[in-house]
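> Next comes model_19.cif, mmCIF, C-alpha atoms:
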```cif
data_start
#
loop_
_atom_site.label_atom_id
_atom_site.label_comp_id
_atom_site.auth_asym_id
_atom_site.auth_seq_id
_atom_site.Cartn_x
_atom_site.Cartn_y
_atom_site.Cartn_z
CA MET A 912 22.76 -11.24 2.00
CA SER A 913 19.56 -11.18 3.97
CA GLU A 914 16.80 -8.66 3.62
CA VAL A 915 14.18 -7.40 6.08
CA ILE A 916 10.89 -6.56 4.33
CA VAL A 917 7.93 -4.89 6.00
CA VAL A 918 4.43 -5.36 4.56
CA THR A 919 2.33 -2.32 5.38
CA SER A 920 -0.70 -0.35 4.20
CA GLY A 921 -2.04 2.14 6.70
CA LYS A 922 -5.63 1.11 6.17
CA GLY A 923 -6.86 -2.16 7.62
CA GLY A 924 -8.41 -4.98 5.65
CA VAL A 925 -6.61 -4.42 2.36
CA GLY A 926 -4.73 -7.72 2.52
CA LYS A 927 -1.47 -7.18 4.41
CA THR A 928 -1.62 -10.49 6.25
CA THR A 929 -2.66 -12.43 3.14
CA THR A 930 0.16 -10.77 1.22
CA SER A 931 2.69 -11.51 3.98
CA ALA A 932 1.64 -15.16 4.11
CA ASN A 933 1.76 -15.62 0.35
CA VAL A 934 4.98 -13.71 -0.29
CA GLY A 935 6.67 -15.50 2.61
CA THR A 936 5.51 -18.91 1.44
CA GLY A 937 6.41 -18.06 -2.16
CA LEU A 938 9.96 -17.07 -1.25
CA ALA A 939 10.29 -20.32 0.71
CA LYS A 940 9.01 -22.18 -2.35
CA LEU A 941 11.83 -20.53 -4.30
CA ASP A 942 14.28 -22.14 -1.86
CA LYS A 943 14.94 -19.14 0.33
CA LYS A 944 15.11 -19.42 4.09
CA VAL A 945 12.27 -17.23 5.34
CA VAL A 946 10.86 -16.10 8.67
CA LEU A 947 7.49 -14.37 8.94
CA ILE A 948 6.98 -12.11 11.94
CA ASP A 949 3.52 -11.02 13.02
CA THR A 950 4.07 -7.60 14.59
CA ASP A 951 0.42 -6.89 15.35
CA ILE A 952 0.60 -7.30 19.13
CA GLY A 953 -2.81 -7.95 20.66
CA LEU A 954 -4.45 -8.95 17.38
CA ARG A 955 -2.78 -12.11 16.19
CA ASN A 956 -3.71 -13.09 12.61
CA LEU A 957 -0.85 -14.42 10.56
CA ASP A 958 -0.84 -17.76 12.41
CA VAL A 959 -4.40 -18.63 11.33
CA VAL A 960 -3.80 -17.57 7.74
CA MET A 961 -0.74 -19.84 7.71
CA GLY A 962 -2.67 -22.63 9.42
CA LEU A 963 -0.20 -22.77 12.32
CA GLU A 964 -2.44 -21.55 15.15
CA ASN A 965 -2.28 -24.80 17.10
CA ARG A 966 1.48 -24.89 17.38
CA ILE A 967 2.14 -21.66 19.24
CA VAL A 968 4.01 -21.94 22.51
CA TYR A 969 6.04 -18.74 22.76
CA ASN A 970 5.56 -15.43 20.95
CA LEU A 971 7.26 -12.21 19.88
CA VAL A 972 6.91 -10.55 23.30
CA ASP A 973 8.36 -13.63 25.04
CA VAL A 974 11.43 -13.42 22.79
CA VAL A 975 11.87 -9.68 23.30
CA GLU A 976 11.47 -9.97 27.08
CA GLY A 977 13.90 -12.87 27.22
CA ASN A 978 11.40 -15.49 28.47
CA CYS A 979 12.63 -17.87 25.79
CA ARG A 980 15.24 -18.17 23.06
CA ILE A 981 14.35 -17.10 19.50
CA LYS A 982 14.62 -20.72 18.31
CA GLN A 983 12.00 -21.84 20.83
CA ALA A 984 9.45 -19.32 19.59
CA LEU A 985 9.90 -19.97 15.86
CA ILE A 986 7.24 -22.28 14.43
CA LYS A 987 8.24 -24.43 11.50
CA ASP A 988 5.77 -24.41 8.61
CA LYS A 989 3.72 -27.51 7.77
CA ARG A 990 4.81 -27.67 4.13
CA TYR A 991 8.14 -25.92 3.80
CA PRO A 992 11.04 -26.82 6.11
CA ASN A 993 12.78 -23.51 5.31
CA LEU A 994 9.79 -21.37 6.37
CA TYR A 995 9.21 -20.20 9.94
CA LEU A 996 6.68 -18.05 11.77
CA LEU A 997 7.23 -15.87 14.82
CA PRO A 998 3.71 -15.24 16.12
CA SER A 999 2.53 -12.14 17.89
CA ALA A 1000 1.28 -12.03 21.47
CA GLN A 1001 -2.47 -12.15 21.87
CA THR A 1002 -2.77 -10.98 25.46
CA ARG A 1003 -0.41 -8.02 25.47
CA ASP A 1004 -0.68 -4.52 24.04
CA LYS A 1005 1.29 -2.46 21.55
CA THR A 1006 3.61 -0.92 24.12
CA ALA A 1007 5.16 -4.30 25.00
CA VAL A 1008 7.85 -3.92 22.30
CA THR A 1009 10.02 -0.93 21.35
CA PRO A 1010 11.53 -0.11 17.93
CA GLU A 1011 15.04 -0.72 19.36
CA GLN A 1012 14.05 -4.21 20.51
CA MET A 1013 12.55 -4.97 17.09
CA LYS A 1014 15.72 -3.83 15.36
CA LYS A 1015 17.84 -6.00 17.63
CA LEU A 1016 15.59 -8.98 16.92
CA THR A 1017 15.64 -8.58 13.13
CA ASP A 1018 19.41 -8.12 13.19
CA GLU A 1019 19.77 -11.42 15.05
CA LEU A 1020 17.48 -13.16 12.56
CA ARG A 1021 19.52 -11.85 9.63
CA GLU A 1022 22.28 -14.29 10.53
CA GLU A 1023 19.96 -17.24 10.08
CA PHE A 1024 17.52 -16.23 7.32
CA ASP A 1025 17.54 -14.92 3.73
CA TYR A 1026 14.29 -13.03 4.12
CA ILE A 1027 12.65 -11.64 7.23
CA LEU A 1028 9.08 -10.57 6.49
CA LEU A 1029 7.25 -8.33 8.93
CA ASP A 1030 3.46 -8.26 8.82
CA CYS A 1031 2.62 -4.75 9.98
CA PRO A 1032 -0.61 -3.86 11.79
CA ALA A 1033 -3.00 -1.23 10.44
CA GLY A 1034 -2.49 2.31 11.61
CA ILE A 1035 0.57 4.48 12.15
CA GLU A 1036 1.08 3.99 15.87
CA GLN A 1037 3.63 2.18 18.02
CA SER A 1038 3.40 -1.21 16.28
CA PHE A 1039 3.89 0.42 12.89
CA LYS A 1040 6.99 2.18 14.15
CA ASN A 1041 8.24 -1.12 15.62
CA ALA A 1042 7.69 -2.94 12.33
CA ILE A 1043 9.51 -0.42 10.15
CA ALA A 1044 12.41 0.10 12.57
CA GLY A 1045 14.62 -2.70 11.33
CA ALA A 1046 13.35 -2.97 7.74
CA ASP A 1047 15.43 -2.54 4.58
CA ARG A 1048 12.50 -2.28 2.25
CA ALA A 1049 8.72 -1.99 2.33
CA LEU A 1050 5.88 -3.50 0.36
CA ILE A 1051 2.89 -1.19 0.44
CA VAL A 1052 -0.42 -2.95 -0.07
CA THR A 1053 -3.39 -0.99 -1.33
CA THR A 1054 -6.68 -1.64 -3.09
CA PRO A 1055 -8.03 0.55 -5.92
CA GLU A 1056 -10.24 2.49 -3.49
CA VAL A 1057 -9.96 6.12 -2.41
CA SER A 1058 -9.61 5.41 1.31
CA ALA A 1059 -6.90 2.77 0.91
CA ILE A 1060 -4.95 4.90 -1.57
CA ARG A 1061 -5.09 7.95 0.67
CA ASP A 1062 -3.73 5.95 3.60
CA ALA A 1063 -1.06 4.37 1.38
CA ASP A 1064 0.09 7.84 0.38
CA ARG A 1065 0.40 8.81 4.03
CA ILE A 1066 2.44 5.67 4.73
CA ILE A 1067 4.70 6.40 1.75
CA GLY A 1068 5.32 9.86 3.21
CA LEU A 1069 6.16 8.41 6.63
CA LEU A 1070 8.50 5.80 5.14
CA GLU A 1071 10.28 8.47 3.12
CA ALA A 1072 10.69 10.58 6.24
CA GLY A 1073 12.04 7.48 8.02
CA GLU A 1074 14.48 6.97 5.15
CA MET A 1075 13.27 3.56 4.06
CA LYS A 1076 15.72 2.42 1.37
CA ARG A 1077 13.13 1.03 -0.96
CA THR A 1078 9.34 1.03 -1.21
CA ASP A 1079 7.29 -0.91 -3.74
CA LEU A 1080 3.57 -1.02 -4.32
CA ILE A 1081 1.20 -3.99 -4.49
CA VAL A 1082 -2.28 -3.24 -5.83
CA ASN A 1083 -4.58 -5.84 -4.31
CA ARG A 1084 -8.17 -6.91 -5.05
CA VAL A 1085 -8.25 -5.62 -8.61
CA ARG A 1086 -11.46 -6.45 -10.47
CA MET A 1087 -10.76 -6.20 -14.16
CA ASP A 1088 -14.46 -6.37 -15.07
CA MET A 1089 -15.07 -3.21 -13.01
CA VAL A 1090 -11.93 -1.53 -14.37
CA LYS A 1091 -13.16 -2.14 -17.92
CA ARG A 1092 -16.54 -0.59 -17.07
CA GLY A 1093 -14.76 2.44 -15.66
CA ASP A 1094 -16.03 1.74 -12.17
CA MET A 1095 -12.69 0.90 -10.59
CA MET A 1096 -9.39 2.69 -10.86
CA SER A 1097 -6.94 0.75 -12.97
CA ILE A 1098 -3.51 -0.38 -11.79
CA GLU A 1099 -2.01 2.40 -13.94
CA ASP A 1100 -4.27 4.98 -12.27
CA VAL A 1101 -3.15 3.89 -8.80
CA VAL A 1102 0.53 3.93 -9.78
CA ASP A 1103 0.05 7.35 -11.37
CA ILE A 1104 -1.50 8.78 -8.22
CA LEU A 1105 0.96 7.29 -5.72
CA ALA A 1106 4.02 7.72 -7.97
CA ILE A 1107 6.02 4.77 -6.64
CA ASN A 1108 7.33 1.61 -8.25
CA ILE A 1109 4.81 -1.20 -8.63
CA ILE A 1110 6.01 -4.73 -7.85
CA GLY A 1111 2.76 -6.52 -8.57
CA ALA A 1112 -1.02 -6.53 -8.79
CA VAL A 1113 -3.28 -9.22 -7.38
CA PRO A 1114 -6.81 -9.87 -8.64
CA ASP A 1115 -9.84 -10.10 -6.38
CA ASP A 1116 -9.92 -13.88 -6.44
CA GLU A 1117 -12.35 -15.99 -4.41
CA ASN A 1118 -9.64 -18.63 -4.12
CA ILE A 1119 -8.00 -16.31 -1.57
CA VAL A 1120 -10.97 -16.78 0.78
CA ILE A 1121 -10.87 -20.54 0.21
CA SER A 1122 -7.12 -20.72 0.90
CA THR A 1123 -7.50 -18.63 4.06
CA ASN A 1124 -10.32 -20.93 5.20
CA GLN A 1125 -7.96 -23.85 4.84
CA GLY A 1126 -4.94 -22.10 6.30
CA GLU A 1127 -2.84 -22.76 3.22
CA PRO A 1128 -1.42 -19.84 1.21
CA LEU A 1129 -2.24 -20.26 -2.50
CA VAL A 1130 0.98 -18.78 -3.89
CA GLY A 1131 2.24 -20.70 -6.89
CA SER A 1132 -1.05 -22.61 -7.34
CA ASP A 1133 -2.89 -22.69 -10.62
CA THR A 1134 -5.06 -19.70 -9.74
CA LEU A 1135 -4.76 -16.14 -10.98
CA ALA A 1136 -3.98 -14.81 -7.48
CA GLY A 1137 -1.52 -17.68 -6.93
CA GLN A 1138 0.36 -16.73 -10.09
CA ALA A 1139 0.27 -13.03 -9.22
CA TYR A 1140 1.83 -13.69 -5.81
CA MET A 1141 4.49 -15.94 -7.30
CA ASN A 1142 5.40 -13.20 -9.78
CA ILE A 1143 5.79 -10.74 -6.89
CA CYS A 1144 8.15 -13.19 -5.14
CA ARG A 1145 10.28 -13.56 -8.27
CA ARG A 1146 10.44 -9.78 -8.67
CA ILE A 1147 11.59 -9.48 -5.04
CA LEU A 1148 14.44 -11.81 -5.97
CA GLY A 1149 15.30 -9.39 -8.76
CA GLU A 1150 13.87 -11.26 -11.74
CA ASP A 1151 12.30 -9.27 -14.54
CA ILE A 1152 8.78 -10.69 -14.87
CA PRO A 1153 6.14 -9.04 -17.08
CA MET A 1154 2.86 -8.00 -15.46
CA LEU A 1155 0.15 -10.65 -15.41
CA ASP A 1156 -3.07 -10.15 -17.34
CA LEU A 1157 -5.57 -10.06 -14.49
CA SER A 1158 -8.68 -10.40 -16.64
CA GLY A 1159 -8.09 -14.15 -16.55
CA LYS A 1160 -9.26 -14.62 -20.11
CA SER A 1161 -5.89 -15.08 -21.73
CA SER A 1162 -6.74 -16.89 -24.94
CA LEU A 1163 -4.15 -17.96 -27.48
CA TRP A 1164 -5.35 -15.13 -29.71
CA SER A 1165 -4.82 -12.44 -27.06
CA LYS A 1166 -1.37 -13.86 -26.31
CA LEU A 1167 -0.50 -13.61 -30.00
CA MET A 1168 -1.85 -10.07 -30.11
CA SER A 1169 0.25 -9.02 -27.12
CA ILE A 1170 3.37 -10.33 -28.84
CA PHE A 1171 2.63 -8.20 -31.89
CA LYS A 1172 1.84 -5.16 -29.78
CA LYS A 1173 5.23 -5.31 -28.10
CA ASN A 1174 7.13 -5.12 -31.36
CA MET B 1433 -9.21 19.24 -21.95
CA SER B 1434 -10.34 18.66 -25.51
CA VAL B 1435 -13.78 19.29 -26.96
CA PHE B 1436 -14.47 15.57 -27.00
CA ASP B 1437 -13.94 15.25 -23.29
CA LEU B 1438 -16.97 17.47 -22.75
CA PHE B 1439 -19.23 14.88 -24.31
CA LYS B 1440 -17.66 11.90 -22.62
CA LYS B 1441 -19.48 10.77 -19.52
CA LYS B 1442 -17.23 10.77 -16.49
CA THR B 1443 -16.93 7.28 -15.03
CA SER B 1444 -16.84 6.69 -11.30
CA SER B 1445 -13.17 5.74 -11.52
CA ASP B 1446 -12.44 9.13 -13.15
CA VAL B 1447 -14.27 10.82 -10.30
CA ALA B 1448 -12.26 8.81 -7.75
CA LYS B 1449 -9.00 9.69 -9.48
CA ASP B 1450 -9.76 13.40 -9.61
CA ARG B 1451 -10.86 13.50 -5.99
CA LEU B 1452 -7.78 11.60 -4.85
CA LYS B 1453 -5.37 13.78 -6.79
CA LEU B 1454 -6.72 16.88 -5.10
CA LEU B 1455 -6.91 15.24 -1.70
CA LEU B 1456 -3.36 13.91 -1.75
CA VAL B 1457 -1.86 17.24 -2.72
CA SER B 1458 -3.51 18.96 0.23
CA ASP B 1459 -2.63 15.97 2.48
CA ARG B 1460 1.00 16.23 1.45
CA ALA B 1461 1.04 20.01 1.82
CA ASN B 1462 -0.31 19.46 5.33
CA CYS B 1463 -2.88 22.19 4.80
CA THR B 1464 -5.53 22.08 7.50
CA PRO B 1465 -9.09 23.11 6.66
CA GLU B 1466 -8.67 25.96 9.20
CA LEU B 1467 -5.65 27.28 7.34
CA MET B 1468 -7.50 27.08 4.04
CA GLU B 1469 -10.40 28.99 5.61
CA MET B 1470 -8.00 31.71 6.77
CA ILE B 1471 -6.46 31.99 3.30
CA LYS B 1472 -9.93 32.15 1.81
CA ASN B 1473 -11.04 34.96 4.13
CA ASP B 1474 -7.92 36.98 3.41
CA ILE B 1475 -8.40 36.58 -0.33
CA ILE B 1476 -11.98 37.81 0.00
CA LYS B 1477 -10.76 40.83 1.97
CA VAL B 1478 -8.09 41.76 -0.59
CA ILE B 1479 -10.17 41.29 -3.76
CA SER B 1480 -13.16 43.05 -2.19
CA LYS B 1481 -11.08 46.22 -2.05
CA TYR B 1482 -11.14 46.39 -5.83
CA MET B 1483 -14.31 44.65 -6.99
CA GLU B 1484 -17.50 43.11 -5.71
CA ILE B 1485 -17.18 39.35 -5.43
CA ASP B 1486 -19.45 36.50 -4.51
CA ALA B 1487 -17.90 35.39 -1.24
CA GLU B 1488 -20.29 32.43 -0.97
CA GLY B 1489 -19.29 31.04 -4.35
CA LEU B 1490 -15.57 31.42 -3.76
CA ASP B 1491 -13.68 28.17 -3.95
CA ILE B 1492 -10.02 27.62 -3.19
CA GLN B 1493 -8.07 24.39 -3.53
CA ILE B 1494 -4.53 23.19 -3.60
CA THR B 1495 -3.98 21.38 -6.89
CA GLN B 1496 -1.10 20.44 -9.12
CA THR B 1497 0.08 22.26 -12.18
CA GLU B 1498 2.82 21.87 -14.78
CA SER B 1499 5.68 24.14 -13.80
CA ASP B 1500 7.21 26.49 -16.38
CA GLY B 1501 10.64 25.20 -15.54
CA ASN B 1502 11.62 21.56 -15.71
CA ASN B 1503 10.37 20.64 -12.28
CA GLY B 1504 7.43 18.62 -13.59
CA THR B 1505 4.25 19.16 -11.62
CA VAL B 1506 4.25 21.51 -8.65
CA PRO B 1507 1.54 22.32 -6.13
CA ALA B 1508 -0.61 25.33 -7.02
CA LEU B 1509 -3.21 27.33 -5.16
CA TYR B 1510 -6.29 27.46 -7.33
CA ALA B 1511 -8.93 30.06 -6.56
CA ASN B 1512 -12.25 30.40 -8.35
CA ILE B 1513 -13.66 33.80 -7.46
CA PRO B 1514 -17.00 34.71 -9.05
CA ILE B 1515 -17.20 38.47 -9.67
CA ARG B 1516 -20.54 40.18 -9.10
CA ASP B 1517 -19.50 43.61 -10.29
CA LEU B 1518 -16.19 44.64 -11.81
CA LYS B 1519 -16.65 48.19 -10.59
CA HIS B 1520 -16.43 48.60 -6.91
CA LYS B 1521 -19.31 50.48 -5.36
CA GLU B 1522 -17.87 53.48 -3.62
#
```
Is it possible to give me this structure as structure tokens?


Amino acid sequence: MSEVIVVTSGKGGVGKTTTSANVGTGLAKLDKKVVLIDTDIGLRNLDVVMGLENRIVYNLVDVVEGNCRIKQALIKDKRYPNLYLLPSAQTRDKTAVTPEQMKKLTDELREEFDYILLDCPAGIEQSFKNAIAGADRALIVTTPEVSAIRDADRIIGLLEAGEMKRTDLIVNRVRMDMVKRGDMMSIEDVVDILAINIIGAVPDDENIVISTNQGEPLVGSDTLAGQAYMNICRRILGEDIPMLDLSGKSSLWSKLMSIFKKN
Amino acid sequence: MSVFDLFKKKTSSDVAKDRLKLLLVSDRANCTPELMEMIKNDIIKVISKYMEIDAEGLDIQITQTESDGNNGTVPALYANIPIRDLKHKE
């Protein structure tokens, strides 16, 4: 059974596109057939993060308007044959697609793919409504900052009103050193305030910048952020994975201690 | 709040948490600042009938409180009204 997942946040710059790219790539790594759709019409981003910017011929608006077939617009990933990208249009504006058209498109893609991931634009306007129209579940990305959390709460309210079946939270850019000093809200604080299920937390890792520079998502790599994203993917598949220690100083001693604490 | 909390320095993350909790309740209640101002003015009018209050120092907020029933936390209107004189000057 295929699932349509929307990645959203309300506030811009919290890591929606990075999350979409890594979760999509991670699910493909776990042998699922995945398509990533960039729904931010006018501000195309997901293609560069995926490193596929030079292969675009057709885009989302072309598909919706019937200028090409879906298959023609889908770009196959460089590394994973079961991962595809449907890029957004760069020269059109938000009104080019309607929620009904988006729903029709995602329903058609369901026949072909296990997971359809929609990278939502910032804001709560037309493109947001388009992106959530056909989605079964939502991943809400936030950072431990007041502005991002406030916007996330607003989005949660809108998704509830739109009867989204399931919403999960991803806390991005966590800096454990700051949390320990008391200068950043902890993951628990954020979950407490927003009162929704958490599906993963990602550390503020400079490897993210490096991977974006190279156009290669770091999911599954031997970095803290890479592991965190992989865990999120496994949880999406329904596996029960314990939360990762984001402080990155997991010595043998602390591992032993955590075993004793559990019992 | 325990006695010890009084001596503990509030970290910036505590401040952020407290601010957000208040903010989100009023966001969710969809209370506009204008509406809050109207409530505030009416409260001043009513209380002033019976005692002299400091209208400048009056502070009203929508917060959360534990409900007496089993509903968990519920929104509450919190009003801090400094009294100048308990006896109303006639």

> With all atoms listed in the file as the counted atoms, please give the residues lying no more than 12 Å from B:Arg1451, apart from itself and same-chain residues fewer than 2 positions off, as number ranges by chain.

A: 1056-1058, 1060-1061, 1096, 1104; B: 1444-1449, 1453-1458, 1493-1495

> How would the residues just picked look written out with C-alpha atoms as a JSON list (two decimals), keeping the file's coordinate frame?


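Result file part-v4.json:
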```
[["chain", "number", "residue", "atom", "x", "y", "z"],
["A", 1056, "GLU", "CA", -10.24, 2.49, -3.49],
["A", 1057, "VAL", "CA", -9.96, 6.12, -2.41],
["A", 1058, "SER", "CA", -9.61, 5.41, 1.31],
["A", 1060, "ILE", "CA", -4.95, 4.90, -1.57],
["A", 1061, "ARG", "CA", -5.09, 7.95, 0.67],
["A", 1096, "MET", "CA", -9.39, 2.69, -10.86],
["A", 1104, "ILE", "CA", -1.50, 8.78, -8.22],
["B", 1444, "SER", "CA", -16.84, 6.69, -11.30],
["B", 1445, "SER", "CA", -13.17, 5.74, -11.52],
["B", 1446, "ASP", "CA", -12.44, 9.13, -13.15],
["B", 1447, "VAL", "CA", -14.27, 10.82, -10.30],
["B", 1448, "ALA", "CA", -12.26, 8.81, -7.75],
["B", 1449, "LYS", "CA", -9.00, 9.69, -9.48],
["B", 1453, "LYS", "CA", -5.37, 13.78, -6.79],
["B", 1454, "LEU", "CA", -6.72, 16.88, -5.10],
["B", 1455, "LEU", "CA", -6.91, 15.24, -1.70],
["B", 1456, "LEU", "CA", -3.36, 13.91, -1.75],
["B", 1457, "VAL", "CA", -1.86, 17.24, -2.72],
["B", 1458, "SER", "CA", -3.51, 18.96, 0.23],
["B", 1493, "GLN", "CA", -8.07, 24.39, -3.53],
["B", 1494, "ILE", "CA", -4.53, 23.19, -3.60],
["B", 1495, "THR", "CA", -3.98, 21.38, -6.89]]
```

> Report, in Å to a single decimal, how far apart atom CA of A:Pro1010 and atom CA of A:Ile948 are.

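Going from atom CA of A:Ile948 over to atom CA of A:Pro1010 covers 14.2 Å.
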
> Please measure the separation of atom CA of A:Gln1037 and atom CA of A:Thr1053, giving the value in Å to one decimal.

20.8 Å

> Expand the PyMOL selection byres ((chain A and resi 1109) around 9) into the explicit residue set it covers here, and present it as a list of chain:residue names.

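Listing what the PyMOL selection byres ((chain A and resi 1109) around 9) selects in the shown file: A:Thr1078, A:Asp1079, A:Leu1080, A:Ile1081, A:Val1082, A:Ile1098, A:Val1102, A:Ala1106, A:Ile1107, A:Asn1108, A:Ile1110, A:Gly1111, A:Ala1112.
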
> In terms of the shortest atom-to-atom distance over all atoms listed in the file, which of A:Leu1155, A:Val1090, A:Ala1136, A:Ile981 is closest to A:Glu1019?

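Of all the options, A:Ile981 lies closest to A:Glu1019.
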
> Compile the residues of chain A that lie within 6 Å of chain B, evaluated using only C-alpha atoms, and express the compilation as a ChimeraX atom specification.

/A:1093-1096

> If the PyMOL selection byres ((chain A and resi 1118) around 9) were run on this exact file, what residues would it hold? Put them as JSON, numbers by chain.

{"A": [1115, 1116, 1117, 1119, 1120, 1121, 1122, 1123, 1129, 1134, 1135, 1136, 1137]}

> For a test of reading the model, state the distance in Å between atom CA of B:Glu1488 and atom CA of B:Val1506, rounded to one decimal.

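Result for atom CA of B:Glu1488 versus atom CA of B:Val1506: 27.9 Å, one decimal.
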
> Take the PyMOL selection byres ((chain A and resi 1048) around 6), apply it to the structure above, and return the hits as JSON, numbers by chain.

{"A": [916, 1046, 1047, 1049, 1076, 1077, 1078]}

> Which one is closest to B:Tyr1482: B:Leu1509, B:Lys1441, B:Leu1518, B:Ala1461? Count all atoms listed in the file.

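Nearest candidate to B:Tyr1482 out of B:Leu1509, B:Lys1441, B:Leu1518, B:Ala1461: B:Leu1518.
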
> Please list as a PyMOL selection string every residue within 6 Å of A:Ala1033, counting only C-alpha atoms and excluding residues in the same chain fewer than 5 positions away.

chain A and resi 921-923

> Compile the contact shell of B:Gly1489 as a list of chain:residue names: residues with an atom at most 10 Å away, counting all atoms listed in the file, same-chain residues fewer than 6 positions apart removed.

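Here the qualifying residues turn out to be B:Asn1512, B:Ile1513, B:Pro1514, B:Ile1515.
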
> Go ahead and save the picked residues with C-alpha atoms, as a PDB file, keeping the file's coordinate frame.


```
ATOM      1  CA  ASN B1512     -12.250  30.400  -8.350  1.00  0.00           C
ATOM      2  CA  ILE B1513     -13.660  33.800  -7.460  1.00  0.00           C
ATOM      3  CA  PRO B1514     -17.000  34.710  -9.050  1.00  0.00           C
ATOM      4  CA  ILE B1515     -17.200  38.470  -9.670  1.00  0.00           C
TER       5      ILE B1515
END
```

> Which is closer to A:Gly937 than all the others in A:Ala1063, A:Leu994, A:Met1087, A:Ile1035, using all atoms listed in the file?

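Looking at the shortest contact to A:Gly937, the residue is A:Leu994.
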
> List as a PyMOL selection string the protein and nucleic acid residues near B:Lys1519, meaning an atom at most 12 Å away when all atoms listed in the file are counted, but skip any in the same chain fewer than 5 places from it.

chain B and resi 1479-1485

> Hey, what's within 12 Å of A:Cys1144 if we count only C-alpha atoms and toss same-chain stuff fewer than 5 positions away? As a ChimeraX atom specification, please?

/A:916,930-943,945,1026,1028,1050,1081,1110-1112,1130-1131,1137-1139,1149-1152

> Only C-alpha atoms, please: the residues just picked out, written as a short mmCIF file (atom, residue, chain, number, x, y, z; two decimals), in the coordinates of the input.


```cif
data_model
loop_
_atom_site.label_atom_id
_atom_site.label_comp_id
_atom_site.auth_asym_id
_atom_site.auth_seq_id
_atom_site.Cartn_x
_atom_site.Cartn_y
_atom_site.Cartn_z
CA ILE A 916 10.89 -6.56 4.33
CA THR A 930 0.16 -10.77 1.22
CA SER A 931 2.69 -11.51 3.98
CA ALA A 932 1.64 -15.16 4.11
CA ASN A 933 1.76 -15.62 0.35
CA VAL A 934 4.98 -13.71 -0.29
CA GLY A 935 6.67 -15.50 2.61
CA THR A 936 5.51 -18.91 1.44
CA GLY A 937 6.41 -18.06 -2.16
CA LEU A 938 9.96 -17.07 -1.25
CA ALA A 939 10.29 -20.32 0.71
CA LYS A 940 9.01 -22.18 -2.35
CA LEU A 941 11.83 -20.53 -4.30
CA ASP A 942 14.28 -22.14 -1.86
CA LYS A 943 14.94 -19.14 0.33
CA VAL A 945 12.27 -17.23 5.34
CA TYR A 1026 14.29 -13.03 4.12
CA LEU A 1028 9.08 -10.57 6.49
CA LEU A 1050 5.88 -3.50 0.36
CA ILE A 1081 1.20 -3.99 -4.49
CA ILE A 1110 6.01 -4.73 -7.85
CA GLY A 1111 2.76 -6.52 -8.57
CA ALA A 1112 -1.02 -6.53 -8.79
CA VAL A 1130 0.98 -18.78 -3.89
CA GLY A 1131 2.24 -20.70 -6.89
CA GLY A 1137 -1.52 -17.68 -6.93
CA GLN A 1138 0.36 -16.73 -10.09
CA ALA A 1139 0.27 -13.03 -9.22
CA GLY A 1149 15.30 -9.39 -8.76
CA GLU A 1150 13.87 -11.26 -11.74
CA ASP A 1151 12.30 -9.27 -14.54
CA ILE A 1152 8.78 -10.69 -14.87
#
```

> Taking all atoms listed in the file into account, which of B:Asn1462, B:Asp1491, B:Glu1498, B:Met1468 comes nearest B:Ala1511?

B:Asp1491

> Which one is closest to B:Ile1471: B:Gln1496, B:Asp1486, B:Gly1501, B:Tyr1510? Count all atoms listed in the file.

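Comparing B:Gln1496, B:Asp1486, B:Gly1501, B:Tyr1510 against B:Ile1471, the winner is B:Tyr1510.
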